[in-house]
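Coordinates from query-v7.tsv are shown below (TSV, C-alpha atoms).
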chain	number	residue	atom	x	y	z
J	1	MET	CA	0.00	0.00	0.00
J	2	LEU	CA	2.79	2.43	0.92
J	3	LEU	CA	4.66	1.59	-2.30
J	4	LYS	CA	1.53	2.24	-4.37
J	5	LEU	CA	0.97	5.60	-2.60
J	6	SER	CA	4.62	6.58	-3.11
J	7	ALA	CA	4.47	5.71	-6.80
J	8	THR	CA	1.27	7.73	-7.21
J	9	LEU	CA	2.78	10.76	-5.46
J	10	PHE	CA	5.99	10.46	-7.50
J	11	PHE	CA	4.10	10.45	-10.81
J	12	ALA	CA	1.89	13.36	-9.71
J	13	VAL	CA	4.94	15.47	-8.80
J	14	VAL	CA	6.87	14.49	-11.93
J	15	SER	CA	3.94	15.10	-14.27
J	16	PHE	CA	3.23	18.52	-12.74
J	17	ALA	CA	6.87	19.57	-12.79
J	18	SER	CA	7.27	18.54	-16.42
J	19	PHE	CA	4.91	21.38	-17.39
J	20	ALA	CA	6.90	24.10	-15.63
J	21	TYR	CA	9.14	26.12	-17.93
J	22	ASP	CA	12.11	28.48	-17.66
J	23	SER	CA	10.43	31.22	-19.72
J	24	ILE	CA	6.98	32.35	-20.80
J	25	ASP	CA	7.96	31.78	-24.44
J	26	ASP	CA	8.87	28.16	-23.66
J	27	LEU	CA	5.60	27.72	-21.75
J	28	VAL	CA	3.55	29.09	-24.65
J	29	SER	CA	5.43	27.06	-27.24
J	30	GLY	CA	5.18	23.86	-25.18
J	31	SER	CA	1.47	24.34	-24.44
J	32	ILE	CA	0.55	25.05	-28.06
J	33	LYS	CA	2.72	22.26	-29.48
J	34	TYR	CA	1.06	19.91	-26.99
J	35	HIS	CA	-2.31	20.99	-28.44
J	36	PHE	CA	-1.08	20.35	-32.00
J	37	THR	CA	0.05	16.79	-31.19
J	38	ASN	CA	-2.55	15.60	-28.66
J	39	SER	CA	-6.30	15.14	-28.48
J	40	PRO	CA	-8.57	17.98	-27.35
J	41	GLU	CA	-9.27	16.02	-24.15
J	42	LYS	CA	-5.56	15.65	-23.29
J	43	THR	CA	-4.92	19.30	-24.18
J	44	ALA	CA	-7.80	20.41	-21.95
J	45	GLU	CA	-6.33	18.47	-19.01
J	46	LEU	CA	-3.05	20.35	-19.45
J	47	TRP	CA	-4.72	23.73	-20.00
J	48	ALA	CA	-7.10	23.49	-17.03
J	49	PRO	CA	-4.86	22.28	-14.20
J	50	TYR	CA	-6.71	24.06	-11.40
J	51	SER	CA	-10.27	24.34	-12.69
J	52	GLY	CA	-11.31	20.84	-11.62
J	53	ASP	CA	-13.25	20.53	-14.90
J	54	SER	CA	-11.47	20.34	-18.23
J	55	ALA	CA	-14.67	19.48	-20.16
J	56	PRO	CA	-15.52	23.07	-21.24
J	57	ILE	CA	-12.09	23.52	-22.84
J	58	ALA	CA	-12.17	20.05	-24.41
J	59	ASN	CA	-15.64	20.74	-25.84
J	60	ALA	CA	-14.49	24.09	-27.25
J	61	LEU	CA	-11.40	22.54	-28.85
J	62	ILE	CA	-13.50	19.76	-30.39
J	63	ARG	CA	-16.02	22.32	-31.69
J	64	TYR	CA	-13.31	24.53	-33.26
J	65	GLU	CA	-11.48	21.58	-34.82
J	66	THR	CA	-14.80	20.40	-36.29
J	67	LEU	CA	-15.46	23.89	-37.73
J	68	TYR	CA	-11.94	24.93	-38.75
J	69	GLY	CA	-9.93	21.72	-39.19
J	70	LYS	CA	-6.54	20.99	-37.65
J	71	PRO	CA	-4.54	23.68	-35.85
J	72	LEU	CA	-1.50	24.61	-37.94
J	73	SER	CA	0.35	27.48	-36.27
J	74	TYR	CA	0.02	30.27	-33.76
J	75	ASP	CA	0.87	33.94	-33.45
J	76	THR	CA	1.64	35.63	-30.15
J	77	MET	CA	-0.24	38.92	-30.14
J	78	ALA	CA	0.98	40.29	-26.80
J	79	THR	CA	2.35	39.36	-23.41
J	80	GLU	CA	1.16	41.60	-20.59
J	81	LYS	CA	2.96	41.60	-17.24
J	82	ILE	CA	0.28	41.95	-14.57
J	83	THR	CA	2.53	41.52	-11.52
J	84	PRO	CA	6.14	40.36	-11.16
J	85	ARG	CA	4.83	36.76	-11.04
J	86	VAL	CA	1.73	36.90	-13.27
J	87	SER	CA	1.59	37.50	-17.01
J	88	ILE	CA	-1.20	37.08	-19.53
J	89	VAL	CA	-0.37	35.96	-23.06
J	90	PHE	CA	-2.74	36.61	-25.98
J	91	LEU	CA	-2.51	34.28	-28.98
J	92	ALA	CA	-4.17	33.61	-32.32
J	93	VAL	CA	-4.25	29.90	-33.22
J	94	ASN	CA	-4.45	29.38	-36.98
J	95	TYR	CA	-6.44	26.37	-38.19
J	96	GLU	CA	-6.90	25.05	-41.73
J	97	LYS	CA	-10.05	27.16	-42.24
J	98	GLY	CA	-10.20	29.68	-39.41
J	99	VAL	CA	-8.74	31.12	-36.23
J	100	THR	CA	-9.36	31.06	-32.50
J	101	PHE	CA	-7.99	33.36	-29.85
J	102	LEU	CA	-6.47	32.31	-26.54
J	103	ARG	CA	-5.76	34.12	-23.30
J	104	LEU	CA	-3.23	32.25	-21.15
J	105	GLN	CA	-2.71	33.24	-17.53
J	106	THR	CA	0.81	32.28	-16.46
J	107	TYR	CA	2.50	32.21	-13.07
J	108	LEU	CA	6.15	32.32	-11.99
J	109	ASP	CA	6.52	29.99	-8.99
J	110	MET	CA	9.01	30.17	-6.13
J	111	ASP	CA	11.44	27.97	-8.12
J	112	ASN	CA	11.44	30.56	-10.95
J	113	LYS	CA	9.50	28.25	-13.27
J	114	TRP	CA	6.55	29.42	-15.36
J	115	SER	CA	3.34	27.40	-15.34
J	116	LEU	CA	-0.06	27.70	-16.95
J	117	MET	CA	-2.83	28.64	-14.53
J	118	PHE	CA	-5.85	29.29	-16.73
J	119	VAL	CA	-6.81	29.34	-20.44
J	120	THR	CA	-9.71	31.06	-22.17
J	121	ILE	CA	-10.50	30.25	-25.82
J	122	ASN	CA	-12.89	31.99	-28.21
J	123	PRO	CA	-13.22	32.45	-31.99
J	124	GLU	CA	-14.07	36.11	-31.39
J	125	PRO	CA	-11.28	38.37	-30.05
J	126	PHE	CA	-13.53	41.08	-28.61
J	127	GLY	CA	-14.16	40.62	-24.90
J	128	LEU	CA	-11.24	38.19	-24.68
J	129	ILE	CA	-8.42	40.46	-25.82
J	130	PRO	CA	-8.20	44.11	-24.73
J	131	THR	CA	-8.96	46.64	-27.46
J	132	MET	CA	-5.53	48.24	-27.12
J	133	ILE	CA	-3.98	44.93	-28.17
J	134	THR	CA	-6.54	44.05	-30.83
J	135	PHE	CA	-6.12	47.43	-32.54
J	136	SER	CA	-2.54	48.24	-31.52
J	137	ASP	CA	-1.47	49.02	-35.11
J	138	ARG	CA	-4.38	51.41	-35.56
J	139	TYR	CA	-3.72	53.13	-32.20
J	140	SER	CA	-0.01	53.53	-32.91
J	141	SER	CA	-0.75	55.08	-36.34
J	142	TYR	CA	-2.78	57.84	-34.63
J	143	ASN	CA	0.23	58.78	-32.53
J	144	ASN	CA	2.63	59.10	-35.49
Can you turn what I pasted into structure tokens?
Amino acid sequence: MLLKLSATLFFAVVSFASFAYDSIDDLVSGSIKYHFTNSPEKTAELWAPYSGDSAPIANALIRYETLYGKPLSYDTMATEKITPRVSIVFLAVNYEKGVTFLRLQTYLDMDNKWSLMFVTINPEPFGLIPTMITFSDRYSSYNN
């Protein structure tokens, strides 16, 4: 019984630690590449580590893959530092026939490793991505 409990705890610690990264860029790249090579259900488990329910993300990913086809690439739109330990990354994920937008909340832990705390996904950028980011080119042209 003790051996079984130890093995379970070991795998829980190892699997959690394997998704902690040295940089936000590595975290984003690893999370998105995981999505490109794994099922929506597996991706949702990774992207919703603290929600207790990965089904809404899995259902959204299945819906968007049904509508738009396979995900092909992604573009980082902006990374906003909220606090010294919290940043939010805004992405566009390009599919065969469309795009979805992601907001990733990241956290720098006490070991200086970045981890994913929360993901929001939507095919519509408004309400998910701040207007200043969505229209940053337009805003910057007014100032020139």
Nearby residues (all atoms listed in the file) at most 12 Å from Glu80 (chain J), same-chain spacing under 3 positions excluded, as a PDB file with C-alpha atoms, in the coordinates of the input:
ATOM      1  CA  ILE J  24       6.980  32.350 -20.800  1.00  0.00           C
ATOM      2  CA  THR J  76       1.640  35.630 -30.150  1.00  0.00           C
ATOM      3  CA  MET J  77      -0.240  38.920 -30.140  1.00  0.00           C
ATOM      4  CA  THR J  83       2.530  41.520 -11.520  1.00  0.00           C
ATOM      5  CA  PRO J  84       6.140  40.360 -11.160  1.00  0.00           C
ATOM      6  CA  ARG J  85       4.830  36.760 -11.040  1.00  0.00           C
ATOM      7  CA  VAL J  86       1.730  36.900 -13.270  1.00  0.00           C
ATOM      8  CA  SER J  87       1.590  37.500 -17.010  1.00  0.00           C
ATOM      9  CA  ILE J  88      -1.200  37.080 -19.530  1.00  0.00           C
ATOM     10  CA  VAL J  89      -0.370  35.960 -23.060  1.00  0.00           C
ATOM     11  CA  PHE J  90      -2.740  36.610 -25.980  1.00  0.00           C
ATOM     12  CA  LEU J  91      -2.510  34.280 -28.980  1.00  0.00           C
ATOM     13  CA  ARG J 103      -5.760  34.120 -23.300  1.00  0.00           C
ATOM     14  CA  LEU J 104      -3.230  32.250 -21.150  1.00  0.00           C
ATOM     15  CA  GLN J 105      -2.710  33.240 -17.530  1.00  0.00           C
ATOM     16  CA  THR J 106       0.810  32.280 -16.460  1.00  0.00           C
ATOM     17  CA  ILE J 129      -8.420  40.460 -25.820  1.00  0.00           C
ATOM     18  CA  PRO J 130      -8.200  44.110 -24.730  1.00  0.00           C
ATOM     19  CA  MET J 132      -5.530  48.240 -27.120  1.00  0.00           C
ATOM     20  CA  ILE J 133      -3.980  44.930 -28.170  1.00  0.00           C
TER      21      ILE J 133
END
Which one is closest to Lys81 (chain J): J:Ala60, J:Leu67, J:Ala55, J:Leu108? Count all atoms listed in the file.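 So, comparing all the options, the nearest one is J:Leu108.
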Take CA of Phe36 (chain J) and CA of Lys70 (chain J) and report the distance between them in Å, one decimal.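 Those two atoms sit 7.9 Å apart.
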Mind giving me the straight-line distance from CA of Pro71 (chain J) to CA of Glu96 (chain J) in Å, one decimal?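 Calculated distance between CA of Pro71 (chain J) and CA of Glu96 (chain J) is 6.5 Å.
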Please measure the separation of CA of Trp114 (chain J) and CA of Ser29 (chain J), giving the value in Å to one decimal. 12.2 Å
So that I can see what lies close to Asn59 (chain J), please list as a PyMOL selection string the residues with an atom at most 9 Å from it, counting all atoms listed in the file and leaving out residues fewer than 6 positions away in the same chain. chain J and resi 40-41+44
With all atoms listed in the file as the atoms that count, which of J:Ser51, J:Thr100, J:Thr43, J:Thr37 lies nearest to Tyr68 (chain J)? J:Thr100
Would you please work out which residue, of J:Asp111, J:Pro123, J:Phe19, J:Leu102, is nearest to Pro49 (chain J) when using only C-alpha atoms?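 Of all the options, J:Phe19 lies closest to Pro49 (chain J).
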Counting all atoms listed in the file, the option among J:Ser115, J:Thr120, J:Thr79, J:Thr66 closest to Ser54 (chain J):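 Counting all atoms listed in the file, the residue closest to Ser54 (chain J) is J:Thr120.
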Give the answer as one residue: which of J:Phe118, J:Leu128, J:His35, J:Phe101 has the shortest atom-to-atom distance to Ala48 (chain J), using all atoms listed in the file?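 When distances to Ala48 (chain J) are compared using all atoms listed in the file, the smallest one comes from J:Phe118.
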Find, counting all atoms listed in the file, the residue in J:Lys42, J:Lys97, J:Lys113, J:Arg63 that gets nearest to Asp26 (chain J). J:Lys113
